[in-house]
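Here is upload.tsv, consisting of TSV, N, CA and C atoms:
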```tsv
chain	number	residue	atom	x	y	z
A	234	ASP	N	0.81	-1.20	0.00
A	234	ASP	CA	0.00	0.00	0.00
A	234	ASP	C	0.85	1.27	0.00
A	235	LYS	N	2.16	1.15	-0.34
A	235	LYS	CA	3.09	2.29	-0.47
A	235	LYS	C	3.48	2.90	0.87
A	236	THR	N	3.24	2.21	1.98
A	236	THR	CA	3.55	2.75	3.30
A	236	THR	C	4.48	1.81	4.06
A	237	LEU	N	5.04	2.34	5.15
A	237	LEU	CA	5.76	1.54	6.13
A	237	LEU	C	4.95	1.60	7.41
A	238	LYS	N	4.93	0.52	8.15
A	238	LYS	CA	4.23	0.48	9.43
A	238	LYS	C	5.27	0.29	10.54
A	239	VAL	N	5.08	1.04	11.63
A	239	VAL	CA	5.93	0.92	12.80
A	239	VAL	C	5.10	0.23	13.87
A	240	TRP	N	5.64	-0.89	14.38
A	240	TRP	CA	4.90	-1.70	15.33
A	240	TRP	C	5.58	-1.67	16.70
A	241	ASP	N	4.78	-1.57	17.73
A	241	ASP	CA	5.26	-1.72	19.11
A	241	ASP	C	4.99	-3.17	19.49
A	242	LEU	N	6.06	-3.95	19.61
A	242	LEU	CA	5.91	-5.37	19.89
A	242	LEU	C	5.89	-5.68	21.38
A	243	ASP	N	6.03	-4.65	22.24
A	243	ASP	CA	6.09	-4.85	23.68
A	243	ASP	C	4.76	-4.59	24.38
A	244	GLN	N	3.71	-4.38	23.65
A	244	GLN	CA	2.41	-4.13	24.26
A	244	GLN	C	1.91	-5.39	24.98
A	245	LYS	N	1.35	-5.24	26.15
A	245	LYS	CA	0.83	-6.38	26.91
A	245	LYS	C	-0.40	-6.99	26.22
A	246	GLN	N	-1.16	-6.17	25.51
A	246	GLN	CA	-2.35	-6.65	24.82
A	246	GLN	C	-2.02	-7.22	23.44
A	247	GLY	N	-0.78	-7.22	23.06
A	247	GLY	CA	-0.40	-7.70	21.74
A	247	GLY	C	0.30	-6.62	20.95
A	248	GLN	N	0.53	-6.88	19.72
A	248	GLN	CA	1.25	-5.94	18.87
A	248	GLN	C	0.34	-4.78	18.49
A	249	GLU	N	0.96	-3.59	18.38
A	249	GLU	CA	0.19	-2.40	18.05
A	249	GLU	C	0.93	-1.58	17.01
A	250	CYS	N	0.24	-1.18	15.95
A	250	CYS	CA	0.81	-0.27	14.95
A	250	CYS	C	0.79	1.13	15.55
A	251	ILE	N	1.98	1.74	15.70
A	251	ILE	CA	2.04	3.06	16.33
A	251	ILE	C	2.28	4.18	15.33
A	252	ALA	N	2.63	3.83	14.08
A	252	ALA	CA	2.81	4.87	13.06
A	252	ALA	C	2.71	4.25	11.68
A	253	THR	N	2.19	5.01	10.73
A	253	THR	CA	2.18	4.65	9.32
A	253	THR	C	2.93	5.74	8.58
A	254	LEU	N	4.02	5.34	7.91
A	254	LEU	CA	4.87	6.30	7.22
A	254	LEU	C	4.49	6.34	5.75
A	255	LYS	N	4.09	7.52	5.30
A	255	LYS	CA	3.63	7.69	3.92
A	255	LYS	C	4.59	8.61	3.19
A	256	GLY	N	4.84	8.31	1.92
A	256	GLY	CA	5.70	9.18	1.14
A	256	GLY	C	6.14	8.57	-0.18
A	257	HIS	N	6.16	7.25	-0.26
A	257	HIS	CA	6.50	6.60	-1.52
A	257	HIS	C	5.28	6.58	-2.43
A	258	SER	N	5.52	6.67	-3.74
A	258	SER	CA	4.40	6.66	-4.68
A	258	SER	C	4.14	5.27	-5.27
A	259	LYS	N	5.01	4.31	-4.96
A	259	LYS	CA	4.81	2.91	-5.38
A	259	LYS	C	5.18	2.00	-4.22
A	260	ASP	N	5.07	0.69	-4.42
A	260	ASP	CA	5.30	-0.27	-3.35
A	260	ASP	C	6.70	-0.14	-2.73
A	261	VAL	N	6.76	-0.31	-1.41
A	261	VAL	CA	8.01	-0.32	-0.67
A	261	VAL	C	8.54	-1.75	-0.68
A	262	ARG	N	9.81	-1.91	-1.04
A	262	ARG	CA	10.40	-3.25	-1.17
A	262	ARG	C	11.46	-3.58	-0.14
A	263	HIS	N	12.17	-2.56	0.37
A	263	HIS	CA	13.29	-2.82	1.27
A	263	HIS	C	13.32	-1.79	2.39
A	264	VAL	N	13.71	-2.25	3.58
A	264	VAL	CA	13.84	-1.38	4.74
A	264	VAL	C	15.11	-1.78	5.48
A	265	SER	N	15.84	-0.77	5.98
A	265	SER	CA	17.05	-1.03	6.74
A	265	SER	C	17.17	0.03	7.83
A	266	ILE	N	17.92	-0.27	8.87
A	266	ILE	CA	18.15	0.65	9.97
A	266	ILE	C	19.57	1.20	9.86
A	267	LEU	N	19.70	2.53	9.91
A	267	LEU	CA	21.01	3.17	9.91
A	267	LEU	C	21.59	3.15	11.33
A	268	PRO	N	22.91	3.31	11.47
A	268	PRO	CA	23.53	3.24	12.80
A	268	PRO	C	22.97	4.24	13.81
A	269	ASP	N	22.46	5.37	13.36
A	269	ASP	CA	21.91	6.36	14.29
A	269	ASP	C	20.44	6.10	14.63
A	270	GLY	N	19.89	5.00	14.13
A	270	GLY	CA	18.52	4.63	14.44
A	270	GLY	C	17.50	5.08	13.41
A	271	ARG	N	17.92	5.92	12.44
A	271	ARG	CA	16.98	6.30	11.39
A	271	ARG	C	16.69	5.07	10.52
A	272	VAL	N	15.55	5.12	9.85
A	272	VAL	CA	15.12	4.04	8.98
A	272	VAL	C	15.24	4.51	7.55
A	273	VAL	N	15.76	3.64	6.67
A	273	VAL	CA	15.81	3.96	5.25
A	273	VAL	C	14.97	2.92	4.51
A	274	SER	N	14.16	3.39	3.57
A	274	SER	CA	13.30	2.50	2.80
A	274	SER	C	13.55	2.72	1.31
A	275	ALA	N	13.32	1.67	0.52
A	275	ALA	CA	13.47	1.76	-0.93
A	275	ALA	C	12.19	1.27	-1.58
A	276	SER	N	11.85	1.90	-2.70
A	276	SER	CA	10.55	1.66	-3.32
A	276	SER	C	10.67	1.43	-4.82
A	277	ASP	N	9.60	0.87	-5.37
A	277	ASP	CA	9.50	0.73	-6.83
A	277	ASP	C	9.42	2.09	-7.52
A	278	ASP	N	9.21	3.17	-6.79
A	278	ASP	CA	9.20	4.50	-7.41
A	278	ASP	C	10.62	5.01	-7.68
A	279	GLY	N	11.64	4.20	-7.34
A	279	GLY	CA	13.03	4.58	-7.60
A	279	GLY	C	13.66	5.43	-6.51
A	280	SER	N	12.91	5.74	-5.46
A	280	SER	CA	13.46	6.58	-4.40
A	280	SER	C	13.81	5.74	-3.17
A	281	GLN	N	14.67	6.34	-2.37
A	281	GLN	CA	15.00	5.81	-1.05
A	281	GLN	C	14.73	6.95	-0.07
A	282	LYS	N	14.01	6.67	0.99
A	282	LYS	CA	13.65	7.71	1.94
A	282	LYS	C	14.22	7.39	3.30
A	283	ILE	N	14.62	8.45	4.00
A	283	ILE	CA	15.14	8.31	5.36
A	283	ILE	C	14.10	8.90	6.30
A	284	TRP	N	13.78	8.13	7.34
A	284	TRP	CA	12.70	8.48	8.26
A	284	TRP	C	13.25	8.76	9.65
A	285	ASP	N	12.65	9.74	10.33
A	285	ASP	CA	13.03	10.13	11.68
A	285	ASP	C	12.66	9.02	12.67
A	286	PRO	N	13.61	8.57	13.49
A	286	PRO	CA	13.31	7.45	14.39
A	286	PRO	C	12.40	7.81	15.55
A	287	THR	N	12.21	9.09	15.83
A	287	THR	CA	11.37	9.45	16.98
A	287	THR	C	9.90	9.40	16.63
A	288	TRP	N	9.58	9.42	15.33
A	288	TRP	CA	8.21	9.41	14.83
A	288	TRP	C	7.39	10.57	15.40
A	289	ALA	N	8.08	11.58	15.95
A	289	ALA	CA	7.38	12.66	16.64
A	289	ALA	C	7.08	13.84	15.74
A	290	SER	N	7.88	14.06	14.73
A	290	SER	CA	7.67	15.24	13.90
A	290	SER	C	6.52	15.01	12.93
A	291	GLY	N	5.92	16.08	12.46
A	291	GLY	CA	4.83	15.96	11.49
A	291	GLY	C	5.32	15.41	10.17
A	292	ASP	N	6.53	15.76	9.76
A	292	ASP	CA	7.11	15.26	8.52
A	292	ASP	C	8.18	14.26	8.89
A	293	MET	N	7.81	13.01	8.98
A	293	MET	CA	8.73	11.98	9.44
A	293	MET	C	9.80	11.64	8.41
A	294	CYS	N	9.55	11.92	7.13
A	294	CYS	CA	10.57	11.70	6.11
A	294	CYS	C	11.53	12.88	6.17
A	295	VAL	N	12.78	12.61	6.54
A	295	VAL	CA	13.75	13.69	6.70
A	295	VAL	C	14.63	13.89	5.47
A	296	ALA	N	14.66	12.91	4.56
A	296	ALA	CA	15.45	13.05	3.34
A	296	ALA	C	14.98	12.03	2.31
A	297	THR	N	15.14	12.39	1.05
A	297	THR	CA	14.86	11.48	-0.05
A	297	THR	C	16.12	11.38	-0.90
A	298	LEU	N	16.61	10.15	-1.07
A	298	LEU	CA	17.77	9.90	-1.91
A	298	LEU	C	17.25	9.58	-3.30
A	299	LYS	N	17.59	10.41	-4.26
A	299	LYS	CA	17.10	10.21	-5.63
A	299	LYS	C	18.25	9.78	-6.53
A	300	GLY	N	17.97	9.62	-7.78
A	300	GLY	CA	19.01	9.28	-8.73
A	300	GLY	C	18.85	7.91	-9.33
A	301	ARG	N	17.89	7.17	-8.89
A	301	ARG	CA	17.64	5.86	-9.46
A	301	ARG	C	16.83	6.04	-10.74
A	302	GLY	N	17.19	5.32	-11.78
A	302	GLY	CA	16.46	5.40	-13.03
A	302	GLY	C	15.35	4.37	-13.12
A	303	SER	N	15.27	3.49	-12.15
A	303	SER	CA	14.31	2.40	-12.20
A	303	SER	C	14.04	1.90	-10.79
A	304	TRP	N	13.27	0.83	-10.68
A	304	TRP	CA	12.96	0.23	-9.38
A	304	TRP	C	14.24	-0.13	-8.64
A	305	VAL	N	14.21	0.04	-7.35
A	305	VAL	CA	15.32	-0.42	-6.51
A	305	VAL	C	15.11	-1.92	-6.28
A	306	ARG	N	16.10	-2.72	-6.70
A	306	ARG	CA	16.01	-4.17	-6.55
A	306	ARG	C	16.45	-4.63	-5.17
A	307	CYS	N	17.48	-3.98	-4.65
A	307	CYS	CA	18.04	-4.40	-3.37
A	307	CYS	C	18.68	-3.18	-2.71
A	308	MET	N	18.60	-3.10	-1.39
A	308	MET	CA	19.19	-1.98	-0.67
A	308	MET	C	19.67	-2.47	0.69
A	309	VAL	N	20.85	-2.00	1.10
A	309	VAL	CA	21.38	-2.31	2.43
A	309	VAL	C	22.02	-1.05	3.00
A	310	SER	N	22.16	-1.02	4.31
A	310	SER	CA	22.94	0.04	4.94
A	310	SER	C	24.15	-0.62	5.60
A	311	THR	N	25.26	0.09	5.61
A	311	THR	CA	26.49	-0.44	6.18
A	311	THR	C	26.63	0.02	7.64
A	312	PRO	N	27.51	-0.60	8.40
A	312	PRO	CA	27.74	-0.16	9.78
A	312	PRO	C	28.19	1.30	9.90
A	313	LYS	N	28.78	1.84	8.85
A	313	LYS	CA	29.19	3.25	8.86
A	313	LYS	C	28.07	4.18	8.39
A	314	GLY	N	26.93	3.63	7.97
A	314	GLY	CA	25.78	4.44	7.61
A	314	GLY	C	25.59	4.70	6.13
A	315	TRP	N	26.44	4.14	5.27
A	315	TRP	CA	26.25	4.29	3.83
A	315	TRP	C	25.06	3.45	3.39
A	316	VAL	N	24.36	3.94	2.37
A	316	VAL	CA	23.24	3.21	1.79
A	316	VAL	C	23.66	2.77	0.40
A	317	ILE	N	23.61	1.46	0.16
A	317	ILE	CA	24.01	0.88	-1.13
A	317	ILE	C	22.79	0.23	-1.75
A	318	SER	N	22.54	0.57	-3.01
A	318	SER	CA	21.38	-0.02	-3.68
A	318	SER	C	21.72	-0.36	-5.12
A	319	ASN	N	21.00	-1.33	-5.65
A	319	ASN	CA	21.08	-1.59	-7.09
A	319	ASN	C	19.67	-1.53	-7.65
A	320	SER	N	19.62	-1.37	-8.97
A	320	SER	CA	18.35	-1.09	-9.61
A	320	SER	C	18.20	-1.90	-10.89
A	321	TYR	N	16.98	-1.95	-11.39
A	321	TYR	CA	16.73	-2.63	-12.66
A	321	TYR	C	17.39	-1.92	-13.83
A	322	ASP	N	17.89	-0.70	-13.63
A	322	ASP	CA	18.62	-0.02	-14.70
A	322	ASP	C	20.09	-0.48	-14.74
A	323	LYS	N	20.43	-1.52	-13.97
A	323	LYS	CA	21.75	-2.16	-13.94
A	323	LYS	C	22.83	-1.26	-13.37
A	324	THR	N	22.47	-0.39	-12.42
A	324	THR	CA	23.46	0.46	-11.78
A	324	THR	C	23.50	0.16	-10.29
A	325	LEU	N	24.63	0.51	-9.69
A	325	LEU	CA	24.84	0.41	-8.25
A	325	LEU	C	25.01	1.82	-7.74
A	326	GLN	N	24.32	2.18	-6.68
A	326	GLN	CA	24.41	3.53	-6.12
A	326	GLN	C	24.87	3.43	-4.67
A	327	VAL	N	25.84	4.28	-4.32
A	327	VAL	CA	26.31	4.36	-2.95
A	327	VAL	C	26.07	5.79	-2.47
A	328	CYS	N	25.32	5.94	-1.37
A	328	CYS	CA	24.99	7.27	-0.83
A	328	CYS	C	25.43	7.37	0.61
A	329	ASN	N	25.86	8.56	0.97
A	329	ASN	CA	26.14	8.87	2.37
A	329	ASN	C	25.03	9.79	2.85
A	330	PRO	N	24.04	9.28	3.56
A	330	PRO	CA	22.92	10.13	3.98
A	330	PRO	C	23.30	11.16	5.04
A	331	TYR	N	24.52	11.05	5.57
A	331	TYR	CA	24.97	12.01	6.57
A	331	TYR	C	25.59	13.24	5.93
A	332	GLY	N	25.79	13.20	4.60
A	332	GLY	CA	26.26	14.36	3.86
A	332	GLY	C	27.72	14.71	4.02
A	333	SER	N	28.52	13.86	4.61
A	333	SER	CA	29.94	14.16	4.73
A	333	SER	C	30.79	13.08	4.10
```
Take the structure in this file and express it as structure tokens.
Amino acid sequence: DKTLKVWDLDQKQGQECIATLKGHSKDVRHVSILPDGRVVSASDDGSQKIWDPTWASGDMCVATLKGRGSWVRCMVSTPKGWVISNSYDKTLQVCNPYGS
């Protein structure tokens, strides 16, 4: 449904969805956690989005990594925080979401 769901698994009554993250225009295929706790997602819309881990702000998407010419096939984050993805356009992209 083009969204990410954040679940609280420690609820005594069972699991509870505590947030729905909206921003991708096509299906979300991959999710990873960056070392600082932010979440990065990749979608069939060719974008990768970075989400605020506090879920407190009105705009939970804090950055969009663009540059993909096609669907993201696979995405991972490294221990140093780099985001590596490949796409159906046969390219590999390496991004530093920290900007340095």
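Atom CA of Asn329 of chain A to atom CA of Cys250 of chain A spans 29.7 Å [interatomic distance, one decimal].
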As lines of an AutoDock Vina configuration file: centre and edge lengths in Å, one decimal, of the axis-aligned box holding segment 263-278 of chain A with 8 Å per side:
```
center_x = 16.4
center_y = 1.8
center_z = 3.5
size_x = 30.3
size_y = 25.2
size_z = 38.3
```
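For the pair atom CA of Val295 of chain A and atom CA of Ile283 of chain A, the separation is 5.7 Å.
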Exercise. Just how far from atom C of Val239 of chain A is atom C of Ser274 of chain A, in Å to one decimal?
Worked result: 15.3 Å
At a cut-off of 7 Å, using only N, CA and C atoms, what residues contact Thr236 of chain A? Leave out same-chain residues fewer than 6 positions from it and give the result as an mmCIF file with N, CA and C atoms, keeping the file's coordinate frame.
```
data_model
loop_
_atom_site.group_PDB
_atom_site.id
_atom_site.type_symbol
_atom_site.label_atom_id
_atom_site.label_comp_id
_atom_site.auth_asym_id
_atom_site.auth_seq_id
_atom_site.Cartn_x
_atom_site.Cartn_y
_atom_site.Cartn_z
ATOM 1 N N THR A 253 2.190 5.010 10.730
ATOM 2 C CA THR A 253 2.180 4.650 9.320
ATOM 3 C C THR A 253 2.930 5.740 8.580
ATOM 4 N N LEU A 254 4.020 5.340 7.910
ATOM 5 C CA LEU A 254 4.870 6.300 7.220
ATOM 6 C C LEU A 254 4.490 6.340 5.750
ATOM 7 N N LYS A 255 4.090 7.520 5.300
ATOM 8 C CA LYS A 255 3.630 7.690 3.920
ATOM 9 C C LYS A 255 4.590 8.610 3.190
ATOM 10 N N GLY A 256 4.840 8.310 1.920
ATOM 11 C CA GLY A 256 5.700 9.180 1.140
ATOM 12 C C GLY A 256 6.140 8.570 -0.180
ATOM 13 N N HIS A 257 6.160 7.250 -0.260
ATOM 14 C CA HIS A 257 6.500 6.600 -1.520
ATOM 15 C C HIS A 257 5.280 6.580 -2.430
ATOM 16 N N LYS A 259 5.010 4.310 -4.960
ATOM 17 C CA LYS A 259 4.810 2.910 -5.380
ATOM 18 C C LYS A 259 5.180 2.000 -4.220
ATOM 19 N N ASP A 260 5.070 0.690 -4.420
ATOM 20 C CA ASP A 260 5.300 -0.270 -3.350
ATOM 21 C C ASP A 260 6.700 -0.140 -2.730
ATOM 22 N N VAL A 261 6.760 -0.310 -1.410
ATOM 23 C CA VAL A 261 8.010 -0.320 -0.670
ATOM 24 C C VAL A 261 8.540 -1.750 -0.680
#
```
